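Notes follow once the structure below has been shown.
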Amino acid sequence: MASNNVLEPDADAEGDGGQQGGVQSVDRALAVLEILARDGHAGVSEIAEEMGIHKSTVSRLLGSLVGREMVHQNSERGKYQLGFGILRLASSIPGRLSLVREARPVLENLAEEFKETVNLAVLRSNYAVNVDQAMGPSTLATFDWVGSLTPLHATSSGKVLLAALAADERERILKETGLPARTPRTITKRDKLEKQLIDAARDGYAVTLEEFEIGLNSMAVPVYNHLGTVIGAVSISGPAFRFDPEKVPGLVEGLGQAGLRISANMGYTRR
């Protein structure tokens with residue numbers, strides 16, 4: 001994370017140092033939020049170690065964020081996670097995003113047709129971030145993935161986004177993020193991942209089988225803009241016990257057509 005460049009000592013001095021300290025505090029608070037968005041939850045010691053700052057500084061930051069409801073402390077484990085205040089801020093974004101607006105009816109139709117959860121994701125800061133979601137009637141859980149940062153190598157949307165990048169940009173991202181294992185099924189070998197990305201670019205879709213979360217399978221296809229550039233990915237996911245993406249009748253074609261409909265709404269024309 002970019003937070004590693006935040007070093008002690010604290011810049012809480014008077015005068016010019018006070019202004020610098022204010023900017024530094026904002027930067028650190030944002031770094032804390034990014035860590036919690038990436039990991040789901042973390043303790044004071046974990047955050048302090050990653051950011052390279054004192055635990056007392058992290059405690060003060062977390063205290064301020066809790067006060068604003070941006071962060072919530074799990075009383076049972078003492079860990080911190082993102083709070084409902086984040087949702088208040090995030091809820092104002094989708095309505096202004098043309099991609100979300102144009103994709104919304106397509107996502108809803110797709111979720112209704114295949115009875116599973118559908119997500120729309122874009123590339124941001126070396127991660128796939130979900131910007132909208134539609135829940136199918138058969139969905140077992142109601143977890144809201146909107147705003148979640150997910151690893152590119154372990155999600156179907158992430159693989160689609162990676163496959164569309166230039167080789168040097170993909171190399172940069174994977175060098176920075178590595179291929180950490182989320183589950184025993186996560187692809188952690190670079191050559192195996194590269195083969196999957198080649199297949200995704202050729203076939204027009206990517207699949208993950210319990211690679212991000214045990215019991216969860218997914219398939220994703222790209223979304224293009226008017227220049228033919230991949231600007232996002234639409235995915236459908238469901239529990240592994242009933243959802244094998246490549247065996248669901250009509251899923252490859254139906255998901256592919258949904259991606260093209262969203263792309264057409266964004267000005268894309270197939271040549």
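Chain identifiers are assigned as A, B, and so on, following the order in which chains appear in the structure tokens; residues are numbered from 1 within each chain, and ligands are numbered from 1 in order of appearance.
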Tell me, as a list in words, which residues lie within 10 Å of A:Ser56, counting only C-alpha atoms; anything in the same chain fewer than 6 positions away does not count. Val44, Ser45, Ala48 and Leu62 of chain A
Find the spatial neighbours of stretch 220-224 of chain A, counting only C-alpha atoms, within a cut-off of 6 Å - ignore same-chain residues fewer than 4 positions away - and output them as a list in words. Ser156, Ser157, Tyr205, Ala206, Gly228, Thr229, Val230, Ile231, Gly232, Ala233, Val234, Ser235, Gly259 and Ser263 of chain A
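Near A:Gly147, within a cut-off of 6 Å and counting only C-alpha atoms, sit the residues Val129, Asn130 and Val131 of chain A, with same-chain residues fewer than 2 positions away left out.
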Selected residues, N, CA and C atoms, written as a CSV table (one decimal), in the first residue's frame, please.
chain,number,residue,atom,x,y,z
A,129,VAL,N,-12.6,-2.7,-7.9
A,129,VAL,CA,-13.6,-2.2,-7.0
A,129,VAL,C,-15.0,-2.3,-7.5
A,130,ASN,N,-15.9,-2.9,-6.8
A,130,ASN,CA,-17.2,-3.1,-7.2
A,130,ASN,C,-18.0,-1.8,-7.0
A,131,VAL,N,-18.6,-1.3,-8.1
A,131,VAL,CA,-19.3,0.0,-8.1
A,131,VAL,C,-20.8,-0.2,-8.1
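Each of A:Leu36, A:Glu112, A:Pro105, A:Val160 was compared to A:Lys79 using only C-alpha atoms, and A:Leu36 turns out to be the nearest.
All residues in stretch 21-152 of chain A with a DSSP state of strand (DSSP E or B), computed from the backbone, read Ala42, Val71, His72, Gln73, Tyr80, Gln81, Leu82, Thr117, Val118, Asn119, Leu120, Ala121, Val122, Leu123, Arg124, Tyr127, Ala128, Val129, Asn130, Val131, Asp132, Gln133, Ala134, Leu149, Thr150 and Pro151 of chain A.
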With DSSP run on the backbone, what are the alpha helix (DSSP H) residues within stretch 41-231 of chain A? I'd like them as an MDAnalysis selection string. chainID A and resid 44:51 55:67 84:90 98:114 156:163 167:177 190:203
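Between atom CA of A:Gln81 and atom CA of A:Glu34 there is a distance of 10.6 Å.
Across the structure, atom CA of A:Arg170 and atom CA of A:Leu227 are spaced 20.2 Å apart.
Shortest separation to A:Met266 among A:Glu102, A:Asp199, A:Glu194, A:Glu116 occurs at residue A:Glu102, atoms counted being only C-alpha atoms.
Closest to A:Ala154 among A:Leu120, A:Ile187, A:Leu33, A:Leu255 is A:Ile187, based on only C-alpha atoms.
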